[in-house]
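Report on the structure given below.
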Amino acid sequence: MIALLLRDLQLAFRAGGGFGLGLAFFLIVTVMVPFSVGPNSTTLGTIAPGVLWLGALLACLLSLDRLLALDWEDGSLDLLATAPLPLEGVLAVKALAHWITTGLPLVLVAPVLGVLLNLAPAGFFWITLSLLIGTPALSMIGTFGAALTVGLRRGGLLLSLLVMPLYVPTLIFGAEVARRGAAGFATETPLLMLAGITAGTLAFMPFAAAAVLRVNLR
Amino acid sequence: MTLQITDLSLARGGVPVLAGLSFTLGPGRALILRGPNGVGKTTLLRTVAGLQPPLAGTITGAEDQIAYGGHSDGLKLGLTVTENLRFWAQIFGQRDFEPALEAFNLAELRDRPAGGLSAGQKRRLSLARLMVTRRPIWVLDEPTVSLDAASVQLFAASVEAHLAAGGSALMATHIDLGLDGDVLDLGPFKAKATAPVADGFDEVFL
């Protein structure tokens, strides 16, 4: 399992691995927002938590189609399926590797981008915390979507269409935590909901993903 | 470890391809599958490897015993030869991969990225992976594709060593490897019916 995690990380950081693409996309989207809604700092401050969350979600989505497709193309996925590792574990580890290379950098860079959007000072802590709790669910749900569409031609677009609706609860509660935090309200309820969604996703999605992947490998 | 196949029926894409297939593969034996294209050699090998379920029949002795080598090499082109082999060794709970490097004459290439290898060299690396797994039953689909004559000899030697050590091999190949193995022609087992069967899974919606 650890060998698989290290291999995935190694591949992501090597040339052509795609590390940083999601991060760059997040940066560009956030920088574009003031151009589209105007430089009014009050407006920007109001929409900042939602924009940051939506940007992080889209950046996460961007790298999902590579998650299993590369292993499928070169045949490693067949070999991993016949290896002594349980397929559930393989997929959970691949989701973890995706989170480390995509989700975690987004969490770390979000406060910096908050400055560009004139996020209220109280909001910086909450946007970081809500992304930290919410992004693992995005990676895990995305792995399920990748398992569902692996091997399909043009699977990338279908993957986005399938995964986006599943991201809705995480987006609602994550953005709510950040919005309430920035406005100085109590954040406990949405924060607990967000954490609950992530915990449930991490517990059940590896099994769902492994089940659909087994069907897909036939 | 004896692999036993009893009255196996297989389908590919919902169409039955093979029916009533039975054979036994004991330790130290090799079984070479023959048959025209599309007869179901790959389907049989994938089923034995556990990648797809059979329509009917039983496979015993395959659980956690199979080292599968398919059409694709299963290599990560961004990793070096050593890193590729070490990864598979770790996945299968092994440490030692030096003998496999030697057996397939890859020692000189050990620090080269797999992306910089020729097709034949990649194939050799892919076959070296089988030795690394230390599993007793090798299930191979056209293992000699893009190998030159000398590499085919290396491969035949490694299969012989594997058989001598009590392993077994089930492979689909059209090349005569000079192995002391049985040959099974899949032609007579071709399924009669050509109508698609319902396997309880609606694939149309995809």
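The way I read the labels, and the way they are meant: chains A, B, ... in the order of the structure tokens, residue 1 as the first residue of every chain, and ligand 1 as the first ligand shown, with later ones counted on from there.
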Using only C-alpha atoms, what table do you get, as a tab-separated table, when you list each residue of chain A with an atom no more than 10 Å from chain B, its nearest pair of atoms, and their distance in Å rounded to one decimal, rows by chain then rising number?
```
residue	atom	partner	partner_atom	distance
A:Met1	CA	B:Ile91	CA	7.2
A:Ile2	CA	B:Gln90	CA	8.9
A:Ala3	CA	B:Phe87	CA	6.2
A:Leu4	CA	B:Phe87	CA	7.4
A:Leu6	CA	B:Phe87	CA	9.2
A:Arg7	CA	B:Phe87	CA	7.3
A:Gln10	CA	B:Leu79	CA	8.4
A:Leu11	CA	B:Gly78	CA	6.6
A:Ala12	CA	B:Gly78	CA	9.6
A:Arg14	CA	B:Gly78	CA	7.1
A:Ala15	CA	B:Gly78	CA	7.8
A:Gly16	CA	B:Gly78	CA	8.3
A:Gly17	CA	B:Gly78	CA	8.5
A:Leu70	CA	B:Lys76	CA	9.1
A:Asp71	CA	B:Gly74	CA	7.8
A:Trp72	CA	B:Gly74	CA	8.8
A:Glu73	CA	B:Ser72	CA	8.2
A:Asp74	CA	B:Gly74	CA	4.9
A:Gly75	CA	B:Gly74	CA	4.3
A:Ser76	CA	B:Gly74	CA	4.2
A:Leu77	CA	B:Gly74	CA	7.8
A:Asp78	CA	B:Leu51	CA	7.4
A:Leu79	CA	B:Tyr68	CA	6.7
A:Leu80	CA	B:Ile91	CA	8.5
A:Ala81	CA	B:Leu51	CA	7.3
A:Thr82	CA	B:Ala49	CA	6.7
A:Ala83	CA	B:Phe92	CA	6.7
A:Pro84	CA	B:Phe92	CA	6.4
A:Leu85	CA	B:Ile91	CA	7.3
A:Thr149	CA	B:Leu206	CA	9.4
A:Leu152	CA	B:Leu206	CA	8.8
A:Arg214	CA	B:Leu51	CA	7.5
A:Val215	CA	B:Gln52	CA	8.1
A:Asn216	CA	B:Gln52	CA	9.5
A:Leu217	CA	B:Leu51	CA	6.5
A:Arg218	CA	B:Gln52	CA	4.7
```
For the residues in the current selection, export N, CA and C atoms as a CSV table (one decimal), in the first residue's frame.
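Everything below was put into part_39.csv:
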```csv
chain,number,residue,atom,x,y,z
A,1,MET,N,0.8,-1.2,0.0
A,1,MET,CA,0.0,0.0,0.0
A,1,MET,C,0.9,1.3,0.0
A,2,ILE,N,1.9,1.2,0.9
A,2,ILE,CA,2.8,2.4,1.0
A,2,ILE,C,3.6,2.5,-0.3
A,3,ALA,N,3.9,1.4,-0.9
A,3,ALA,CA,4.7,1.4,-2.1
A,3,ALA,C,3.9,2.0,-3.2
A,4,LEU,N,2.5,1.7,-3.2
A,4,LEU,CA,1.7,2.3,-4.3
A,4,LEU,C,1.5,3.8,-4.1
A,6,LEU,N,3.7,5.8,-2.6
A,6,LEU,CA,5.0,6.5,-3.0
A,6,LEU,C,5.1,6.5,-4.5
A,7,ARG,N,4.7,5.4,-5.2
A,7,ARG,CA,4.8,5.4,-6.7
A,7,ARG,C,3.9,6.5,-7.3
A,10,GLN,N,5.5,9.8,-6.7
A,10,GLN,CA,6.7,10.0,-7.5
A,10,GLN,C,6.3,10.3,-8.9
A,11,LEU,N,5.3,9.6,-9.5
A,11,LEU,CA,4.9,9.8,-10.8
A,11,LEU,C,4.3,11.2,-11.0
A,12,ALA,N,3.6,11.7,-10.0
A,12,ALA,CA,2.9,13.0,-10.1
A,12,ALA,C,3.9,14.1,-10.1
A,14,ARG,N,7.1,13.8,-11.0
A,14,ARG,CA,8.1,13.8,-12.2
A,14,ARG,C,7.5,14.5,-13.3
A,15,ALA,N,8.4,14.8,-14.3
A,15,ALA,CA,8.0,15.5,-15.5
A,15,ALA,C,6.8,14.9,-16.2
A,16,GLY,N,5.8,15.7,-16.5
A,16,GLY,CA,4.6,15.2,-17.2
A,16,GLY,C,3.6,14.6,-16.2
A,17,GLY,N,3.9,14.6,-15.0
A,17,GLY,CA,3.0,14.0,-14.0
A,17,GLY,C,1.7,14.8,-13.7
A,70,LEU,N,-4.5,6.5,-16.7
A,70,LEU,CA,-3.2,6.2,-17.1
A,70,LEU,C,-2.8,4.8,-16.7
A,71,ASP,N,-3.2,4.3,-15.5
A,71,ASP,CA,-3.0,2.9,-15.1
A,71,ASP,C,-3.7,2.0,-16.0
A,72,TRP,N,-4.9,2.4,-16.5
A,72,TRP,CA,-5.7,1.5,-17.4
A,72,TRP,C,-5.0,1.4,-18.7
A,73,GLU,N,-4.5,2.5,-19.3
A,73,GLU,CA,-3.9,2.5,-20.6
A,73,GLU,C,-2.6,1.6,-20.6
A,74,ASP,N,-1.8,1.7,-19.6
A,74,ASP,CA,-0.6,0.9,-19.7
A,74,ASP,C,-0.7,-0.5,-19.1
A,75,GLY,N,-1.9,-0.8,-18.7
A,75,GLY,CA,-2.1,-2.2,-18.2
A,75,GLY,C,-1.8,-2.4,-16.8
A,76,SER,N,-1.3,-1.4,-16.0
A,76,SER,CA,-1.0,-1.6,-14.6
A,76,SER,C,-2.3,-1.9,-13.8
A,77,LEU,N,-3.4,-1.4,-14.3
A,77,LEU,CA,-4.6,-1.5,-13.5
A,77,LEU,C,-5.0,-3.0,-13.4
A,78,ASP,N,-4.9,-3.7,-14.6
A,78,ASP,CA,-5.2,-5.2,-14.6
A,78,ASP,C,-4.2,-5.9,-13.6
A,79,LEU,N,-3.0,-5.5,-13.6
A,79,LEU,CA,-2.0,-6.1,-12.8
A,79,LEU,C,-2.3,-5.8,-11.3
A,80,LEU,N,-2.7,-4.6,-11.0
A,80,LEU,CA,-3.0,-4.3,-9.6
A,80,LEU,C,-4.2,-5.1,-9.2
A,81,ALA,N,-5.1,-5.3,-10.1
A,81,ALA,CA,-6.3,-6.0,-9.7
A,81,ALA,C,-6.0,-7.5,-9.4
A,82,THR,N,-4.9,-8.0,-10.0
A,82,THR,CA,-4.6,-9.4,-9.7
A,82,THR,C,-3.5,-9.5,-8.6
A,83,ALA,N,-3.1,-8.4,-8.1
A,83,ALA,CA,-2.1,-8.3,-7.0
A,83,ALA,C,-2.8,-8.7,-5.7
A,84,PRO,N,-2.0,-9.0,-4.7
A,84,PRO,CA,-2.6,-9.4,-3.4
A,84,PRO,C,-3.3,-8.3,-2.6
A,85,LEU,N,-3.1,-7.0,-3.1
A,85,LEU,CA,-3.8,-5.9,-2.4
A,85,LEU,C,-5.3,-6.0,-2.7
A,149,THR,N,-15.9,5.5,-15.0
A,149,THR,CA,-15.7,5.9,-16.4
A,149,THR,C,-14.4,5.4,-17.0
A,152,LEU,N,-13.6,4.3,-20.9
A,152,LEU,CA,-14.5,4.8,-21.9
A,152,LEU,C,-13.8,5.9,-22.7
A,214,ARG,N,-14.4,-3.3,-10.7
A,214,ARG,CA,-14.4,-4.8,-11.1
A,214,ARG,C,-15.3,-5.0,-12.3
A,215,VAL,N,-16.5,-4.4,-12.3
A,215,VAL,CA,-17.3,-4.5,-13.5
A,215,VAL,C,-16.6,-4.0,-14.7
A,216,ASN,N,-16.0,-2.8,-14.6
A,216,ASN,CA,-15.3,-2.2,-15.7
A,216,ASN,C,-14.1,-2.9,-16.3
A,217,LEU,N,-13.5,-3.7,-15.4
A,217,LEU,CA,-12.3,-4.4,-15.9
A,217,LEU,C,-12.6,-5.7,-16.7
A,218,ARG,N,-13.8,-6.1,-16.7
A,218,ARG,CA,-14.2,-7.4,-17.3
A,218,ARG,C,-13.8,-7.3,-18.8
```
Inset, instruction - Enumerate, as a count of residues only, the complete set of residues in range 8-78 of chain B that a backbone-based DSSP assignment places in strand (DSSP E or B). - result: 30
Legend entry - helix (DSSP H, G or I) residues, from DSSP on the backbone, in range 19-153 of chain A, as a PyMOL selection string: chain A and resi 21-37+41-62+65-73+76-82+87-116+123-149
Legend entry - Gap from CA of Leu106 in chain A to CA of Ile133 in chain A - Å, one decimal: 12.1 Å
Inset, instruction - Kindly indicate which residue among B:Pro143, B:Pro27, B:Gly14, B:Gly115 lies nearest to Gly61 in chain B, using only C-alpha atoms for the distances. - result: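 Between B:Pro143, B:Pro27, B:Gly14, B:Gly115, the residue approaching Gly61 in chain B most closely is B:Pro27.
For the atom pair formed by CA of Ile59 in chain B and CA of Asn37 in chain B, the distance is 23.6 Å, given to one decimal.
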Inset, instruction - For range 156-172 of chain A, list every protein, DNA or RNA residue within 10 Å, evaluated using only C-alpha atoms, and leave out those in the same chain fewer than 4 positions away; present the list as a PyMOL selection string. - result: chain A and resi 50+53-54+56-58+61-66+69+130-131+133-135+137-138+141-150+152+176-177+190+193-198
Inset, instruction - Mind giving me the straight-line distance from CA of Leu52 in chain A to CA of Pro34 in chain A in Å, one decimal? - result: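 Between CA of Leu52 in chain A and CA of Pro34 in chain A the gap is 12.4 Å.
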Inset, instruction - Could you check which of A:Ser36, A:Thr30, A:Thr101, A:Asn118 is closest to Ala182 in chain A, using only C-alpha atoms? - result: A:Asn118
Legend entry - Test item: residues at most 8 Å from Phe189 in chain B, only C-alpha atoms, excluding those fewer than 6 positions along its chain, as a list in words: Leu18, Ala19, Gly20 and Leu21 of chain B
For those residues, write N, CA, C and O atoms to a file as a CSV table (one decimal), in the first residue's frame.
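Result written to result-v8.csv:
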```csv
chain,number,residue,atom,x,y,z
B,18,LEU,N,-16.4,-19.7,-25.6
B,18,LEU,CA,-15.9,-21.0,-25.3
B,18,LEU,C,-16.9,-21.7,-24.4
B,18,LEU,O,-17.5,-21.1,-23.6
B,19,ALA,N,-17.0,-23.1,-24.6
B,19,ALA,CA,-17.9,-23.8,-23.7
B,19,ALA,C,-17.3,-25.2,-23.5
B,19,ALA,O,-16.6,-25.8,-24.3
B,20,GLY,N,-17.6,-25.7,-22.3
B,20,GLY,CA,-17.2,-27.1,-21.9
B,20,GLY,C,-15.7,-27.4,-21.9
B,20,GLY,O,-15.3,-28.4,-22.2
B,21,LEU,N,-15.0,-26.3,-21.5
B,21,LEU,CA,-13.5,-26.5,-21.4
B,21,LEU,C,-13.1,-27.0,-20.1
B,21,LEU,O,-13.5,-26.5,-19.0
```
Inset, instruction - Name all residues at most 12 Å from Leu106 in chain B (count only C-alpha atoms; drop same-chain ones fewer than 2 positions away) and give them as a VMD selection string. - result: chain B and resid 80 to 82 85 97 to 104 108 to 112 114 117 120 to 129 151 154
May I have the residues from that selection written out with C-alpha atoms, as a PDB file, in the first residue's frame?
```pdb
ATOM      1  CA  THR B  80      13.387   3.615 -14.148  1.00  0.00           C
ATOM      2  CA  VAL B  81      13.752  -0.129 -14.753  1.00  0.00           C
ATOM      3  CA  THR B  82      14.742  -0.702 -11.128  1.00  0.00           C
ATOM      4  CA  LEU B  85      10.573  -3.818 -10.613  1.00  0.00           C
ATOM      5  CA  PHE B  97      14.518  -8.374  -7.753  1.00  0.00           C
ATOM      6  CA  GLU B  98      18.196  -8.675  -8.778  1.00  0.00           C
ATOM      7  CA  PRO B  99      17.855 -12.249 -10.153  1.00  0.00           C
ATOM      8  CA  ALA B 100      15.023 -11.062 -12.415  1.00  0.00           C
ATOM      9  CA  LEU B 101      17.178  -8.212 -13.770  1.00  0.00           C
ATOM     10  CA  GLU B 102      19.965 -10.698 -14.515  1.00  0.00           C
ATOM     11  CA  ALA B 103      17.692 -13.339 -16.028  1.00  0.00           C
ATOM     12  CA  PHE B 104      16.321 -10.928 -18.605  1.00  0.00           C
ATOM     13  CA  GLU B 108      22.862  -2.627 -17.852  1.00  0.00           C
ATOM     14  CA  LEU B 109      19.592  -0.759 -18.298  1.00  0.00           C
ATOM     15  CA  ARG B 110      18.720  -0.585 -14.616  1.00  0.00           C
ATOM     16  CA  ASP B 111      18.845   3.218 -14.283  1.00  0.00           C
ATOM     17  CA  ARG B 112      17.241   4.010 -17.622  1.00  0.00           C
ATOM     18  CA  ALA B 114      11.265   2.748 -18.917  1.00  0.00           C
ATOM     19  CA  LEU B 117      13.471   1.522 -23.681  1.00  0.00           C
ATOM     20  CA  GLY B 120      11.500  -5.494 -26.875  1.00  0.00           C
ATOM     21  CA  GLN B 121      13.304  -4.183 -23.806  1.00  0.00           C
ATOM     22  CA  LYS B 122       9.981  -3.101 -22.276  1.00  0.00           C
ATOM     23  CA  ARG B 123       8.637  -6.585 -22.917  1.00  0.00           C
ATOM     24  CA  ARG B 124      11.656  -8.097 -21.170  1.00  0.00           C
ATOM     25  CA  LEU B 125      11.073  -5.823 -18.169  1.00  0.00           C
ATOM     26  CA  SER B 126       7.420  -6.815 -18.153  1.00  0.00           C
ATOM     27  CA  LEU B 127       8.397 -10.510 -18.126  1.00  0.00           C
ATOM     28  CA  ALA B 128      10.989  -9.905 -15.403  1.00  0.00           C
ATOM     29  CA  ARG B 129       8.057  -8.712 -13.258  1.00  0.00           C
ATOM     30  CA  SER B 151      15.301 -12.665 -25.861  1.00  0.00           C
ATOM     31  CA  LEU B 154      16.039 -15.882 -22.331  1.00  0.00           C
TER      32      LEU B 154
END
```
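Using only C-alpha atoms, the contacts of Pro49 in chain A at a cut-off of 7 Å, with sequence neighbours closer than 5 positions omitted, comprise Ile127, Ala175, Ala178 and Arg179 of chain A.
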Export of the given selection (N, CA, C and O atoms) as a PDB file, in the first residue's frame:
```
ATOM      1  N   ILE A 127     -11.790  29.381   5.755  1.00  0.00           N
ATOM      2  CA  ILE A 127     -11.683  28.842   4.390  1.00  0.00           C
ATOM      3  C   ILE A 127     -10.645  27.711   4.365  1.00  0.00           C
ATOM      4  O   ILE A 127     -10.852  26.659   3.744  1.00  0.00           O
ATOM      5  N   ALA A 175     -18.739  25.752   1.613  1.00  0.00           N
ATOM      6  CA  ALA A 175     -18.834  27.187   1.341  1.00  0.00           C
ATOM      7  C   ALA A 175     -19.588  27.896   2.462  1.00  0.00           C
ATOM      8  O   ALA A 175     -19.293  29.048   2.796  1.00  0.00           O
ATOM      9  N   ALA A 178     -17.197  28.590   5.297  1.00  0.00           N
ATOM     10  CA  ALA A 178     -16.319  29.716   4.980  1.00  0.00           C
ATOM     11  C   ALA A 178     -17.091  31.039   5.007  1.00  0.00           C
ATOM     12  O   ALA A 178     -16.600  32.053   5.511  1.00  0.00           O
ATOM     13  N   ARG A 179     -18.338  31.031   4.496  1.00  0.00           N
ATOM     14  CA  ARG A 179     -19.128  32.263   4.429  1.00  0.00           C
ATOM     15  C   ARG A 179     -19.485  32.755   5.827  1.00  0.00           C
ATOM     16  O   ARG A 179     -19.310  33.921   6.160  1.00  0.00           O
TER      17      ARG A 179
END
```
Neighbours of Ala191 in chain B within 10 Å (only C-alpha atoms; same-chain residues fewer than 2 positions away dropped), as an mmCIF file with N, CA and C atoms, in the first residue's frame?
```cif
data_model
loop_
_atom_site.group_PDB
_atom_site.id
_atom_site.type_symbol
_atom_site.label_atom_id
_atom_site.label_comp_id
_atom_site.auth_asym_id
_atom_site.auth_seq_id
_atom_site.Cartn_x
_atom_site.Cartn_y
_atom_site.Cartn_z
ATOM 1 N N SER B 9 -17.360 -22.232 -19.236
ATOM 2 C CA SER B 9 -17.920 -21.507 -20.378
ATOM 3 C C SER B 9 -17.619 -20.032 -20.199
ATOM 4 N N LEU B 10 -17.242 -19.400 -21.306
ATOM 5 C CA LEU B 10 -16.808 -18.010 -21.230
ATOM 6 C C LEU B 10 -17.529 -17.169 -22.257
ATOM 7 N N ALA B 11 -17.713 -15.895 -21.920
ATOM 8 C CA ALA B 11 -18.313 -14.965 -22.870
ATOM 9 C C ALA B 11 -17.423 -13.731 -22.969
ATOM 10 N N VAL B 15 -21.193 -12.284 -25.696
ATOM 11 C CA VAL B 15 -21.323 -13.372 -26.668
ATOM 12 C C VAL B 15 -20.489 -14.557 -26.183
ATOM 13 N N PRO B 16 -21.091 -15.754 -26.063
ATOM 14 C CA PRO B 16 -20.316 -16.912 -25.614
ATOM 15 C C PRO B 16 -19.211 -17.242 -26.625
ATOM 16 N N VAL B 17 -18.008 -17.478 -26.144
ATOM 17 C CA VAL B 17 -16.921 -17.825 -27.053
ATOM 18 C C VAL B 17 -16.414 -19.244 -26.835
ATOM 19 N N LEU B 18 -16.379 -19.695 -25.596
ATOM 20 C CA LEU B 18 -15.880 -21.034 -25.315
ATOM 21 C C LEU B 18 -16.875 -21.745 -24.406
ATOM 22 N N ALA B 19 -16.985 -23.070 -24.590
ATOM 23 C CA ALA B 19 -17.900 -23.836 -23.742
ATOM 24 C C ALA B 19 -17.304 -25.207 -23.462
ATOM 25 N N GLY B 20 -17.608 -25.731 -22.295
ATOM 26 C CA GLY B 20 -17.243 -27.097 -21.934
ATOM 27 C C GLY B 20 -15.747 -27.353 -21.864
ATOM 28 N N LEU B 21 -15.000 -26.334 -21.452
ATOM 29 C CA LEU B 21 -13.543 -26.467 -21.416
ATOM 30 C C LEU B 21 -13.100 -27.013 -20.058
ATOM 31 N N VAL B 39 -10.723 -16.769 -30.860
ATOM 32 C CA VAL B 39 -11.327 -18.001 -30.341
ATOM 33 C C VAL B 39 -11.570 -17.889 -28.829
ATOM 34 N N GLY B 40 -10.872 -16.972 -28.180
ATOM 35 C CA GLY B 40 -11.128 -16.773 -26.746
ATOM 36 C C GLY B 40 -9.934 -17.035 -25.855
ATOM 37 N N GLY B 187 -9.858 -24.564 -30.496
ATOM 38 C CA GLY B 187 -10.837 -24.643 -31.594
ATOM 39 C C GLY B 187 -12.048 -25.520 -31.293
ATOM 40 N N PRO B 188 -11.856 -26.782 -30.841
ATOM 41 C CA PRO B 188 -13.007 -27.674 -30.607
ATOM 42 C C PRO B 188 -13.939 -27.211 -29.492
ATOM 43 N N PHE B 189 -13.482 -26.285 -28.664
ATOM 44 C CA PHE B 189 -14.329 -25.845 -27.542
ATOM 45 C C PHE B 189 -15.143 -24.604 -27.866
ATOM 46 N N ALA B 193 -23.688 -21.580 -29.670
ATOM 47 C CA ALA B 193 -24.661 -20.499 -29.775
ATOM 48 C C ALA B 193 -23.940 -19.175 -30.021
ATOM 49 N N THR B 194 -24.532 -18.345 -30.851
ATOM 50 C CA THR B 194 -23.927 -17.037 -31.072
ATOM 51 C C THR B 194 -24.813 -15.917 -30.555
#
```
